[in-house]
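J.: Quick one, coords-v6.cif (mmCIF, C-alpha atoms):
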data_run
#
loop_
_atom_site.label_atom_id
_atom_site.label_comp_id
_atom_site.auth_asym_id
_atom_site.auth_seq_id
_atom_site.Cartn_x
_atom_site.Cartn_y
_atom_site.Cartn_z
CA MET A 1 0.00 0.00 0.00
CA GLU A 2 1.25 3.46 -0.91
CA SER A 3 1.99 5.87 1.95
CA LEU A 4 -0.15 8.96 2.30
CA GLN A 5 1.18 12.23 0.93
CA TYR A 6 -0.08 14.21 3.95
CA THR A 7 0.16 13.29 7.61
CA SER A 8 -2.64 15.60 8.79
CA LEU A 9 -5.67 17.48 7.54
CA ALA A 10 -3.91 20.74 8.43
CA GLN A 11 -0.96 19.80 6.22
CA MET A 12 -3.36 19.01 3.36
CA PHE A 13 -5.20 22.32 3.89
CA PHE A 14 -1.97 24.34 3.69
CA ALA A 15 -0.74 22.41 0.66
CA ASN A 16 -4.02 23.18 -1.09
CA CYS A 17 -3.71 26.88 -0.19
CA ASP A 18 -0.25 26.92 -1.83
CA ARG A 19 -1.29 25.35 -5.13
CA GLU A 20 -0.82 27.65 -8.12
CA ASP A 21 -4.17 26.64 -9.57
CA PHE A 22 -6.09 27.24 -6.33
CA ALA A 23 -8.48 30.13 -6.96
CA GLY A 24 -9.46 30.47 -3.31
CA TRP A 25 -12.91 30.42 -1.79
CA PHE A 26 -15.83 32.77 -2.16
CA HIS A 27 -18.24 33.31 0.69
CA ARG A 28 -21.57 35.06 0.32
CA LYS A 29 -22.09 37.72 2.95
CA PRO A 30 -24.66 40.51 3.27
CA GLY A 31 -23.84 42.95 0.51
CA GLY A 32 -22.02 40.56 -1.81
CA TRP A 33 -19.29 38.00 -2.07
CA GLU A 34 -16.03 37.93 -0.13
CA HIS A 35 -12.94 36.29 -1.65
CA PHE A 36 -10.52 34.27 0.47
CA SER A 37 -7.29 33.69 -1.45
CA GLY A 38 -5.00 30.80 -0.61
CA THR A 39 -2.55 33.21 1.01
CA ARG A 40 -5.30 34.77 3.11
CA LEU A 41 -6.62 31.36 4.19
CA ARG A 42 -3.13 30.20 5.18
CA ASN A 43 -2.18 33.38 7.04
CA GLU A 44 -5.46 33.84 8.88
CA THR A 45 -5.52 30.19 9.96
CA GLN A 46 -2.01 30.54 11.39
CA PHE A 47 -2.93 33.84 13.10
CA ILE A 48 -6.00 32.26 14.70
CA ALA A 49 -3.96 29.25 15.85
CA LEU A 50 -1.37 31.52 17.48
CA ALA A 51 -3.97 33.74 19.11
CA LEU A 52 -5.82 30.72 20.53
CA ARG A 53 -2.56 29.32 21.90
CA ASN A 54 -1.69 32.70 23.44
CA ARG A 55 -5.14 32.77 25.06
CA GLY A 56 -4.47 29.43 26.72
CA LEU A 57 -6.07 26.83 24.46
CA SER A 58 -4.27 23.60 25.32
CA ALA A 59 -3.95 20.20 23.70
CA GLY A 60 -6.96 18.05 24.43
CA GLU A 61 -9.29 20.98 25.07
CA SER A 62 -12.12 21.87 22.73
CA ILE A 63 -13.61 24.76 20.84
CA GLY A 64 -17.36 24.74 20.35
CA ILE A 65 -18.58 26.18 17.06
CA VAL A 66 -22.09 27.53 16.61
CA ALA A 67 -22.07 28.90 13.06
CA ASN A 68 -23.08 28.07 9.54
CA SER A 69 -20.48 26.76 7.11
CA SER A 70 -17.96 29.45 6.27
CA PRO A 71 -14.25 29.95 5.63
CA GLU A 72 -13.92 31.03 9.28
CA TRP A 73 -15.41 27.70 10.38
CA ILE A 74 -12.78 25.76 8.41
CA MET A 75 -9.95 28.06 9.51
CA ALA A 76 -10.97 27.63 13.16
CA ASP A 77 -11.07 23.86 12.71
CA VAL A 78 -7.55 23.76 11.22
CA ALA A 79 -6.29 26.20 13.88
CA CYS A 80 -7.58 23.81 16.55
CA GLN A 81 -5.78 20.91 14.91
CA LEU A 82 -2.53 22.92 14.96
CA ASN A 83 -3.03 23.33 18.73
CA GLN A 84 -3.93 19.63 19.16
CA ALA A 85 -7.37 20.72 20.30
CA ARG A 86 -10.77 19.43 19.20
CA VAL A 87 -13.72 21.04 17.44
CA VAL A 88 -17.22 20.42 18.74
CA PRO A 89 -20.03 21.49 16.39
CA LEU A 90 -22.99 22.76 18.41
CA PHE A 91 -26.51 23.68 17.38
CA PRO A 92 -28.04 26.99 18.49
CA ASN A 93 -31.54 25.55 18.77
CA ILE A 94 -30.98 22.94 21.48
CA SER A 95 -32.05 23.21 25.08
CA THR A 96 -29.85 25.07 27.52
CA GLU A 97 -29.37 21.84 29.49
CA ASN A 98 -28.17 19.92 26.42
CA PHE A 99 -25.90 22.78 25.37
CA ALA A 100 -24.32 22.87 28.84
CA PHE A 101 -23.98 19.08 28.94
CA GLN A 102 -22.29 18.95 25.53
CA CYS A 103 -19.87 21.74 26.47
CA ASP A 104 -19.02 20.08 29.80
CA ASP A 105 -18.69 16.61 28.32
CA ALA A 106 -16.38 17.80 25.51
CA LEU A 107 -14.32 20.18 27.71
CA VAL A 108 -15.24 23.17 25.54
CA GLN A 109 -13.05 26.10 26.63
CA VAL A 110 -13.68 28.52 23.75
CA LEU A 111 -16.88 29.20 21.84
CA LEU A 112 -16.92 30.45 18.24
CA LEU A 113 -20.18 31.80 16.88
CA TYR A 114 -21.35 34.01 14.09
CA LYS A 115 -23.18 36.38 16.42
CA LEU A 116 -24.42 36.26 19.98
CA SER A 117 -28.03 36.87 18.99
CA ASP A 118 -28.03 33.49 17.20
CA LEU A 119 -28.26 31.89 20.65
CA SER A 120 -31.27 31.76 22.94
CA PRO A 121 -31.19 34.17 25.90
CA SER A 122 -30.82 31.22 28.30
CA ILE A 123 -27.76 29.92 26.43
CA CYS A 124 -26.34 33.46 26.35
CA MET A 125 -26.38 33.35 30.16
CA LEU A 126 -23.74 30.57 29.97
CA MET A 127 -21.08 32.61 28.14
CA SER A 128 -19.03 33.32 31.28
CA ARG A 129 -18.09 29.63 31.52
CA PHE A 130 -15.76 29.93 28.50
CA LYS A 131 -12.20 31.29 28.33
CA ALA A 132 -13.31 33.28 25.30
CA VAL A 133 -16.33 33.75 23.07
CA ILE A 134 -15.32 34.63 19.51
CA CYS A 135 -17.86 36.41 17.30
CA ILE A 136 -17.31 36.37 13.55
CA ASP A 137 -19.83 39.16 12.87
CA PRO A 138 -18.20 42.51 13.73
CA GLU A 139 -21.66 43.94 14.47
CA SER A 140 -22.49 41.31 17.09
CA GLU A 141 -22.92 42.17 20.73
CA LEU A 142 -20.05 40.76 22.81
CA PRO A 143 -20.19 39.16 26.24
CA PRO A 144 -17.55 40.36 28.76
CA ASN A 145 -15.19 37.55 27.67
CA GLY A 146 -15.93 38.13 23.98
CA ILE A 147 -13.66 39.08 21.14
CA TYR A 148 -14.30 39.69 17.48
CA TRP A 149 -12.72 37.37 14.90
CA ALA A 150 -10.93 40.34 13.30
CA ASP A 151 -9.38 41.33 16.64
CA LEU A 152 -8.28 37.74 17.28
CA LEU A 153 -6.55 37.79 13.89
CA LYS A 154 -4.64 40.91 14.97
CA GLU A 155 -3.54 39.15 18.18
CA GLY A 156 -2.09 36.30 16.11
#
Mind converting the file's structure to structure tokens?
T.:
Amino acid sequence: MESLQYTSLAQMFFANCDREDFAGWFHRKPGGWEHFSGTRLRNETQFIALALRNRGLSAGESIGIVANSSPEWIMADVACQLNQARVVPLFPNISTENFAFQCDDALVQVLLLYKLSDLSPSICMLMSRFKAVICIDPESELPPNGIYWADLLKEG
């Protein structure tokens, strides 16, 4: 059997970003389309990984993600892999008890979401349990431990 070319999904992601024929990704946002070039995907993923490490994300811990599919979702996933952390997809429309159980059971330390208002008010009351709550939408309200994705990129 032939050995694999890549030893991790992160390695495969970065190799894809570096391909000459890689046109990047387009993501539809309010007001139009946003382009994510291979260079941007690579750099922002590395910045997020560094910022998460600097904020104390350790190997074996988890990041919960409550967001629709997006380039930021994938970049956060790869950034977690670089930190030997796990990604836990969470749904915004579950009960507060199930949300809390899933976060406790998976050792979720950081929560990534598109915007705080996507969560029910009772789940919003649980935000203080996380090391950080990252909001992708720069217009989102932030909890006291919140940070915007763009500011986390600057930290990295």
J.: Evaluating the PyMOL selection byres ((chain A and resi 143-146) around 8) on the displayed file yields which residues, as a list in words?
T.: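 Checked against the file, the PyMOL selection byres ((chain A and resi 143-146) around 8) matches Met127, Ser128, Phe130, Lys131, Ala132, Val133, Ile134, Cys135, Glu141, Leu142, Ile147 and Tyr148 of chain A.
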J.: Any chance you could export the current selection's C-alpha atoms as a PDB file, keeping the file's coordinate frame?
T.:
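Written output follows (part-v1.pdb):
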ATOM      1  CA  MET A 127     -21.080  32.610  28.140  1.00  0.00           C
ATOM      2  CA  SER A 128     -19.030  33.320  31.280  1.00  0.00           C
ATOM      3  CA  PHE A 130     -15.760  29.930  28.500  1.00  0.00           C
ATOM      4  CA  LYS A 131     -12.200  31.290  28.330  1.00  0.00           C
ATOM      5  CA  ALA A 132     -13.310  33.280  25.300  1.00  0.00           C
ATOM      6  CA  VAL A 133     -16.330  33.750  23.070  1.00  0.00           C
ATOM      7  CA  ILE A 134     -15.320  34.630  19.510  1.00  0.00           C
ATOM      8  CA  CYS A 135     -17.860  36.410  17.300  1.00  0.00           C
ATOM      9  CA  GLU A 141     -22.920  42.170  20.730  1.00  0.00           C
ATOM     10  CA  LEU A 142     -20.050  40.760  22.810  1.00  0.00           C
ATOM     11  CA  ILE A 147     -13.660  39.080  21.140  1.00  0.00           C
ATOM     12  CA  TYR A 148     -14.300  39.690  17.480  1.00  0.00           C
TER      13      TYR A 148
END
J.: Just the residues within 10 Å of Phe91 in chain A, please, counting only C-alpha atoms, with nothing from its chain fewer than 4 positions along; format it as a PyMOL selection string.
T.: chain A and resi 64-68+95+98-99+118-119
J.: So, with only C-alpha atoms as the atoms that count, which of A:Ser117, A:Asp77, A:Ala49, A:Val88 lies closest to Asp105 in chain A?
T.: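 Between A:Ser117, A:Asp77, A:Ala49, A:Val88, the residue approaching Asp105 in chain A most closely is A:Val88.
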J.: Wanna dump the range 27-121 of chain A-range 10-13 of chain A contacts at 12 Å for me, each residue with its shortest atom pair and the distance in Å to one decimal, counting all atoms listed in the file, ordered by chain and number, as CSV?
T.:
residue,atom,partner,partner_atom,distance
A:Gly38,CA,A:Phe13,CA,9.6
A:Thr39,CA,A:Phe13,CA,11.6
A:Leu41,CA,A:Phe13,CA,9.2
A:Arg42,CA,A:Phe13,CA,8.2
A:Asn43,CA,A:Phe13,CA,11.9
A:Thr45,CA,A:Ala10,CA,9.7
A:Gln46,CA,A:Ala10,CA,10.4
A:Ala49,CA,A:Ala10,CA,11.3
A:Pro71,CA,A:Phe13,CA,12.0
A:Ile74,CA,A:Phe13,CA,9.5
A:Met75,CA,A:Phe13,CA,9.3
A:Ala76,CA,A:Ala10,CA,10.9
A:Asp77,CA,A:Ala10,CA,8.9
A:Val78,CA,A:Ala10,CA,5.5
A:Ala79,CA,A:Ala10,CA,8.1
A:Cys80,CA,A:Ala10,CA,9.4
A:Gln81,CA,A:Ala10,CA,6.7
A:Leu82,CA,A:Ala10,CA,7.0
A:Asn83,CA,A:Ala10,CA,10.7
A:Gln84,CA,A:Ala10,CA,10.8
J.: Quick one: of A:Pro92, A:Pro30, A:Gly156, A:Pro138, who's nearest to Arg53 in chain A, counting all atoms listed in the file?
T.: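 Once distances to Arg53 in chain A are computed over all atoms listed in the file, the minimum belongs to A:Gly156.
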J.: Applied to the shown file, which residues does the PyMOL selection byres ((chain A and resi 27) around 12) return, written as a list in words?
T.: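 This file, filtered by the PyMOL selection byres ((chain A and resi 27) around 12), leaves Gly24, Trp25, Phe26, Arg28, Lys29, Pro30, Gly31, Gly32, Trp33, Glu34, His35, Phe36, Ser37, Asn68, Ser69, Ser70, Pro71, Glu72 and Trp73 of chain A.
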J.: Output C-alpha atoms of each residue in that selection to a file, as an mmCIF file, in the frame of the given file.
T.:
data_model
loop_
_atom_site.group_PDB
_atom_site.id
_atom_site.type_symbol
_atom_site.label_atom_id
_atom_site.label_comp_id
_atom_site.auth_asym_id
_atom_site.auth_seq_id
_atom_site.Cartn_x
_atom_site.Cartn_y
_atom_site.Cartn_z
ATOM 1 C CA GLY A 24 -9.460 30.470 -3.310
ATOM 2 C CA TRP A 25 -12.910 30.420 -1.790
ATOM 3 C CA PHE A 26 -15.830 32.770 -2.160
ATOM 4 C CA ARG A 28 -21.570 35.060 0.320
ATOM 5 C CA LYS A 29 -22.090 37.720 2.950
ATOM 6 C CA PRO A 30 -24.660 40.510 3.270
ATOM 7 C CA GLY A 31 -23.840 42.950 0.510
ATOM 8 C CA GLY A 32 -22.020 40.560 -1.810
ATOM 9 C CA TRP A 33 -19.290 38.000 -2.070
ATOM 10 C CA GLU A 34 -16.030 37.930 -0.130
ATOM 11 C CA HIS A 35 -12.940 36.290 -1.650
ATOM 12 C CA PHE A 36 -10.520 34.270 0.470
ATOM 13 C CA SER A 37 -7.290 33.690 -1.450
ATOM 14 C CA ASN A 68 -23.080 28.070 9.540
ATOM 15 C CA SER A 69 -20.480 26.760 7.110
ATOM 16 C CA SER A 70 -17.960 29.450 6.270
ATOM 17 C CA PRO A 71 -14.250 29.950 5.630
ATOM 18 C CA GLU A 72 -13.920 31.030 9.280
ATOM 19 C CA TRP A 73 -15.410 27.700 10.380
#
J.: Go through A:Pro121, A:Asn93, A:Arg40, A:Gln5 and flag the residue nearest Ala23 in chain A, using only C-alpha atoms for the distances.
T.: A:Arg40
J.: CA of Met125 in chain A and CA of Glu61 in chain A, how far apart in Å?
T.: 21.7 Å
J.: Just the number, please: distance in Å from CA of Asn16 in chain A to CA of Lys154 in chain A, one decimal.
T.: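 CA of Lys154 in chain A lies 23.9 Å from CA of Asn16 in chain A.
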J.: As a PDB file, keeping the file's coordinate frame, please: range 110-126 of chain A completed to N, CA and C atoms.
T.:
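Listed below is the output, result12.pdb:
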ATOM      1  N   VAL A 110     -13.494  27.330  24.587  1.00  0.00           N
ATOM      2  CA  VAL A 110     -13.680  28.520  23.750  1.00  0.00           C
ATOM      3  C   VAL A 110     -14.907  28.261  22.889  1.00  0.00           C
ATOM      4  N   LEU A 111     -15.691  29.310  22.671  1.00  0.00           N
ATOM      5  CA  LEU A 111     -16.880  29.200  21.840  1.00  0.00           C
ATOM      6  C   LEU A 111     -16.743  30.158  20.664  1.00  0.00           C
ATOM      7  N   LEU A 112     -16.925  29.640  19.457  1.00  0.00           N
ATOM      8  CA  LEU A 112     -16.920  30.450  18.240  1.00  0.00           C
ATOM      9  C   LEU A 112     -18.342  30.481  17.705  1.00  0.00           C
ATOM     10  N   LEU A 113     -18.847  31.681  17.446  1.00  0.00           N
ATOM     11  CA  LEU A 113     -20.180  31.800  16.880  1.00  0.00           C
ATOM     12  C   LEU A 113     -20.222  32.953  15.906  1.00  0.00           C
ATOM     13  N   TYR A 114     -21.242  32.921  15.049  1.00  0.00           N
ATOM     14  CA  TYR A 114     -21.350  34.010  14.090  1.00  0.00           C
ATOM     15  C   TYR A 114     -21.730  35.293  14.814  1.00  0.00           C
ATOM     16  N   LYS A 115     -22.801  35.223  15.609  1.00  0.00           N
ATOM     17  CA  LYS A 115     -23.180  36.380  16.420  1.00  0.00           C
ATOM     18  C   LYS A 115     -23.945  35.886  17.635  1.00  0.00           C
ATOM     19  N   LEU A 116     -23.828  36.641  18.707  1.00  0.00           N
ATOM     20  CA  LEU A 116     -24.420  36.260  19.980  1.00  0.00           C
ATOM     21  C   LEU A 116     -25.930  36.109  19.889  1.00  0.00           C
ATOM     22  N   SER A 117     -26.568  36.925  19.089  1.00  0.00           N
ATOM     23  CA  SER A 117     -28.030  36.870  18.990  1.00  0.00           C
ATOM     24  C   SER A 117     -28.533  35.598  18.313  1.00  0.00           C
ATOM     25  N   ASP A 118     -27.627  34.777  17.762  1.00  0.00           N
ATOM     26  CA  ASP A 118     -28.030  33.490  17.200  1.00  0.00           C
ATOM     27  C   ASP A 118     -28.406  32.492  18.303  1.00  0.00           C
ATOM     28  N   LEU A 119     -27.998  32.784  19.525  1.00  0.00           N
ATOM     29  CA  LEU A 119     -28.260  31.890  20.650  1.00  0.00           C
ATOM     30  C   LEU A 119     -29.482  32.341  21.427  1.00  0.00           C
ATOM     31  N   SER A 120     -30.129  31.411  22.084  1.00  0.00           N
ATOM     32  CA  SER A 120     -31.270  31.760  22.940  1.00  0.00           C
ATOM     33  C   SER A 120     -30.765  32.562  24.136  1.00  0.00           C
ATOM     34  N   PRO A 121     -31.610  33.394  24.721  1.00  0.00           N
ATOM     35  CA  PRO A 121     -31.190  34.170  25.900  1.00  0.00           C
ATOM     36  C   PRO A 121     -30.686  33.272  27.036  1.00  0.00           C
ATOM     37  N   SER A 122     -31.277  32.092  27.215  1.00  0.00           N
ATOM     38  CA  SER A 122     -30.820  31.220  28.300  1.00  0.00           C
ATOM     39  C   SER A 122     -29.438  30.640  28.023  1.00  0.00           C
ATOM     40  N   ILE A 123     -29.124  30.374  26.767  1.00  0.00           N
ATOM     41  CA  ILE A 123     -27.760  29.920  26.430  1.00  0.00           C
ATOM     42  C   ILE A 123     -26.785  31.080  26.552  1.00  0.00           C
ATOM     43  N   CYS A 124     -27.212  32.282  26.199  1.00  0.00           N
ATOM     44  CA  CYS A 124     -26.340  33.460  26.350  1.00  0.00           C
ATOM     45  C   CYS A 124     -25.896  33.659  27.794  1.00  0.00           C
ATOM     46  N   MET A 125     -26.726  33.222  28.733  1.00  0.00           N
ATOM     47  CA  MET A 125     -26.380  33.350  30.160  1.00  0.00           C
ATOM     48  C   MET A 125     -25.199  32.454  30.536  1.00  0.00           C
ATOM     49  N   LEU A 126     -24.822  31.509  29.683  1.00  0.00           N
ATOM     50  CA  LEU A 126     -23.740  30.570  29.970  1.00  0.00           C
ATOM     51  C   LEU A 126     -22.381  31.028  29.429  1.00  0.00           C
TER      52      LEU A 126
END
